[in-house]
Amino acid sequence: MNNRPIQLAILGLGTVGTGVVELLQNNLDEMTRRTGREIKITHVGTRRNRTDIPTDIKQSADLLAIIQQDDVDIVVELMGGTTTAKEVILAAIEHGKHIVTANKALLAEHGNEIFAKADANGVKVAYEAAVAGGIPIIKILREGLAANKIDWLAGIINGTGNFIMTEMRDKKRDFADVLAEAQALGYAEADPTFDVEGIDAAHKLTLLASIAFGIPLQFDKVYCEGITKITQQDVRYANELGYRIKHLGFAKRRILDSGEEGIELRVHPTLIPKQVLLANVNGVKNAIMVDAEPVGQTLYYGSGAGAGATASAVMADVVDMVRALAETNDSTANLVPHLAFQPETLNNTRILSSDEMITGYYLRLQVKDDLGVLAEVTRILSESKISIDAILQQPAHDDTSTDLPVIIMVDPVVERNMNEAIAKIEALDTVTDKVIRIRLDELMQ
Ligand code: HSE
């Protein structure tokens with residue numbers, strides 16, 4: 001067996017890159033005991049020379065030169081972004097380097113091309129750190145649950161968003177304030193709109209859905225809604241009704257009435273019952289619930305962002321690769337397929353459009369304090385075959401307003417019907433504002 005050290009180039013020394021360098025300094029012995037082979041950083045790609053990096057590691061801003069070096073076996077891409085990172089990763093693959101990356105945006109949007117190129121060149125691209133920070137969810141789905149048929153998964157998969165929602169709910173803190181703290185703590189994306197508009201969660205959901213169902217990556221088909229429109233008022237009403245609002249990603253197989261199989265891919269704020277475990281996942285923590293046959297429901301929990309959690313996932317991939325390289329005498333790494341299933345078996349099950357999706361709803365209406373208003377609203381709902389689960393009518397929140405807030409929770413309904421009903425409700429003279437709607441899921445099925 002070849003026992004020379006495995007050599008890494010770390011590209012990008014931001015929060016995560018710095019975390020990886022530190023982790024290797026702190027836990028190298030533990031990792032070497034596991035791999036039986038030394039792991040060494042030989043290069044770092046960084047724009048500015050860093051004085052806190054050991055002097056035996058070469059530093060350079062010329063990434064395309066680094067990935068061609070003979071003393072690099074694995075390129076660890078931690079720069080983020082979808083332009084330079086893509087160019088550098090594709091070039092590294094061409095030069096026969098294995099890749100470890102935390103770049104969910106890049107893989108969700110260009111992963112099909114990158115994985116095909118890696119397969120063609122006999123190298124592997126590992127991406128445990130791309131989803132849910134320190135939770136080894138990629139390994140769980142690709143390996144731990146490999147004997148199962150996965151029916152659905154639902155997860156809190158953006159740490160920044162969950163941190164913001166938790167602080168707003170528990171401490172009544174201001175959105176912008178909490179976001180600034182998440183940025184300072186290194187949780188947020190370079191562009192934090194990715195976190196708060198649900199784009200980061202959609203990237204991660206894209207990856208999870210592909211390895212759960214064996215379908216190509218299809219980021220452009222994910223329905224995506226963020227947390228920016230959630231108000232204290234809705235958080236309070238949800239609480240009174242026994243629910244919490246969480247930003248969740250759902251990937252779900254469904255058999256349509258036509259008999260066709262379809263897949264729902266959606267990220268959005270969701271009311272879930274207070275007592276379910278996911279409702280109690282707070283702060284920067286992530287959690288993913290997976291429903292699979294025959295194992296049933298399983299749940300995975302841990303830190304979703306931050307240097308330590310993400311570095312842990314990055315190095316787990318490196319350790320996996322080092323073991324595989326050791327076993328195969330440095331030839332092609334014999335790891336699991338990139339998207340869990342053999343590439344030629346990926347199927348093209350249709351991703352459902354948003355109006356075909358089925359969820360429960362929380363609706364908040366602002367209505368005039370007139371006789372028969374509720375009767376009109378419930379008539380419209382019943383005409384659209386929408387079944388009401390609960391109604392909460394509150395007194396006006398200030399004495400000057402004659403409008404009343406009415407909260408209606410409805411059972412799961414196809415979104416097309418909900419859209420029709422909301423349009424009719426908003427057209428009523430007695431309804432004085434746009435209907436606020438937040439999806440609702442009991443997480444039972
Ligand atoms: N911005 C991401 C989050 C980082 O907050 O979850 C981890 O992917």
# chains A, B, ... in the order shown; residues from 1 in each chain; ligands from 1
$ residues_around --residues "Arg437 (chain A)" --least-positions-apart "2" --cutoff "7 Å" --atoms "only C-alpha atoms" --output "JSON, numbers by chain"
{"A": [361, 362, 363, 364, 435, 439]}
$ residues_near_ligand --ligand "ligand 1" --cutoff "10 Å" --atoms "only C-alpha atoms and all ligand atoms" --output "VMD selection string"
chain A and resid 16 102 to 105 129 to 134 156 to 164 182 to 183 186 to 196 199 to 201 203 to 204 284 to 286 303 to 307 309 to 310
$ residues_around --residues "Glu415 (chain A)" --least-positions-apart "4" --cutoff "7 Å" --atoms "only C-alpha atoms" --output "VMD selection string"
chain A and resid 354 to 358 419
$ write_last_selection --atoms "N, CA, C and O atoms" --output "short mmCIF file (atom, residue, chain, number, x, y, z; two decimals), in the first residue's frame"
data_model
loop_
_atom_site.label_atom_id
_atom_site.label_comp_id
_atom_site.auth_asym_id
_atom_site.auth_seq_id
_atom_site.Cartn_x
_atom_site.Cartn_y
_atom_site.Cartn_z
N SER A 354 -46.02 24.75 -8.81
CA SER A 354 -46.52 25.16 -7.49
C SER A 354 -48.03 24.98 -7.38
O SER A 354 -48.54 24.64 -6.32
N ASP A 355 -48.78 25.16 -8.48
CA ASP A 355 -50.23 25.03 -8.31
C ASP A 355 -50.70 23.58 -8.18
O ASP A 355 -51.86 23.32 -7.89
N GLU A 356 -49.78 22.63 -8.35
CA GLU A 356 -50.14 21.22 -8.13
C GLU A 356 -49.79 20.76 -6.71
O GLU A 356 -50.11 19.64 -6.32
N MET A 357 -49.09 21.60 -5.96
CA MET A 357 -48.63 21.17 -4.63
C MET A 357 -49.79 21.12 -3.65
O MET A 357 -50.76 21.87 -3.78
N ILE A 358 -49.65 20.25 -2.67
CA ILE A 358 -50.72 20.12 -1.67
C ILE A 358 -50.17 20.44 -0.29
O ILE A 358 -49.21 19.80 0.16
N ASN A 419 -55.47 29.22 -4.50
CA ASN A 419 -55.28 30.49 -5.23
C ASN A 419 -56.62 31.05 -5.69
O ASN A 419 -56.88 32.26 -5.56
#
$ residues_around --residues "Met321 (chain A)" --least-positions-apart "6" --cutoff "10 Å" --atoms "only C-alpha atoms" --output "ChimeraX atom specification"
/A:6,35,73-74,98-100,124-126,315,327,330,333-335
$ atom_distance --atom1 "CA of Thr42 (chain A)" --atom2 "CA of Leu8 (chain A)"
5.8 Å
$ residues_around --residues "Ser353 (chain A)" --least-positions-apart "4" --cutoff "8 Å" --atoms "only C-alpha atoms" --output "mmCIF file with all heavy atoms, in the first residue's frame"
data_model
loop_
_atom_site.group_PDB
_atom_site.id
_atom_site.type_symbol
_atom_site.label_atom_id
_atom_site.label_comp_id
_atom_site.auth_asym_id
_atom_site.auth_seq_id
_atom_site.Cartn_x
_atom_site.Cartn_y
_atom_site.Cartn_z
ATOM 1 N N LYS A 221 -36.400 24.287 -10.512
ATOM 2 C CA LYS A 221 -37.789 23.841 -10.333
ATOM 3 C C LYS A 221 -38.226 23.876 -8.868
ATOM 4 O O LYS A 221 -39.340 23.449 -8.545
ATOM 5 C CB LYS A 221 -37.952 22.432 -10.883
ATOM 6 C CG LYS A 221 -37.591 22.355 -12.362
ATOM 7 C CD LYS A 221 -38.369 21.296 -13.101
ATOM 8 C CE LYS A 221 -38.007 21.310 -14.569
ATOM 9 N NZ LYS A 221 -37.386 20.090 -15.011
ATOM 10 N N TYR A 223 -39.775 25.476 -5.699
ATOM 11 C CA TYR A 223 -40.587 26.631 -5.297
ATOM 12 C C TYR A 223 -39.902 27.255 -4.075
ATOM 13 O O TYR A 223 -39.596 26.571 -3.099
ATOM 14 C CB TYR A 223 -42.013 26.185 -4.942
ATOM 15 C CG TYR A 223 -42.793 27.324 -4.339
ATOM 16 C CD1 TYR A 223 -43.377 28.280 -5.152
ATOM 17 C CD2 TYR A 223 -42.867 27.480 -2.954
ATOM 18 C CE1 TYR A 223 -44.044 29.364 -4.594
ATOM 19 C CE2 TYR A 223 -43.532 28.561 -2.403
ATOM 20 C CZ TYR A 223 -44.112 29.496 -3.230
ATOM 21 O OH TYR A 223 -44.753 30.572 -2.686
ATOM 22 N N GLU A 264 -42.681 17.024 -5.234
ATOM 23 C CA GLU A 264 -42.786 18.407 -4.773
ATOM 24 C C GLU A 264 -41.427 18.828 -4.215
ATOM 25 O O GLU A 264 -40.866 18.129 -3.377
ATOM 26 C CB GLU A 264 -43.825 18.524 -3.649
ATOM 27 C CG GLU A 264 -45.239 18.304 -4.101
ATOM 28 C CD GLU A 264 -46.264 18.644 -3.001
ATOM 29 O OE1 GLU A 264 -45.870 19.154 -1.928
ATOM 30 O OE2 GLU A 264 -47.453 18.381 -3.249
ATOM 31 N N MET A 357 -49.086 21.596 -5.958
ATOM 32 C CA MET A 357 -48.626 21.166 -4.632
ATOM 33 C C MET A 357 -49.787 21.120 -3.648
ATOM 34 O O MET A 357 -50.758 21.870 -3.782
ATOM 35 C CB MET A 357 -47.554 22.120 -4.123
ATOM 36 C CG MET A 357 -46.309 22.034 -4.974
ATOM 37 S SD MET A 357 -45.103 23.258 -4.549
ATOM 38 C CE MET A 357 -43.806 22.855 -5.723
#
$ atom_distance --atom1 "CA of Glu197 (chain A)" --atom2 "CA of Leu265 (chain A)"
15.7 Å
$ closest_residue --among "A:Thr32, A:His110, A:Ile39, A:Ala287" --to "Ile137 (chain A)" --atoms "only C-alpha atoms"
A:Ala287
$ atom_distance --atom1 "CA of Gln232 (chain A)" --atom2 "CA of Arg244 (chain A)"
11.7 Å
$ select_by_dssp --residues "region 62-309 of chain A" --states "strand (DSSP E or B)" --output "ChimeraX atom specification"
/A:74-77,98-101,125-126,149-156,223-224,243-255,261-273,285-293,296-303
$ closest_residue --among "A:Val410, A:Ala238, A:Cys224, A:Ala180" --to "Lys274 (chain A)" --atoms "only C-alpha atoms"
A:Ala238
$ residues_around --residues "Leu78 (chain A)" --least-positions-apart "6" --cutoff "12 Å" --atoms "only C-alpha atoms" --output "PyMOL selection string"
chain A and resi 9-21+44-46+63+84-86+88-89+99-106+127+129-130+307+310-311+314
$ select_by_dssp --residues "region 238-324 of chain A" --states "helix (DSSP H, G or I)" --output "PyMOL selection string"
chain A and resi 238-240+277-280+307-324
$ closest_residue --among "A:Arg236, A:Lys385, A:Lys171, A:Arg50" --to "Pro412 (chain A)" --atoms "only C-alpha atoms"
A:Lys385
$ residues_around --residues "Leu271 (chain A)" --least-positions-apart "5" --cutoff "6 Å" --atoms "only C-alpha atoms" --output "list in words"
Tyr243, Arg244, Ile245 and Leu440 of chain A
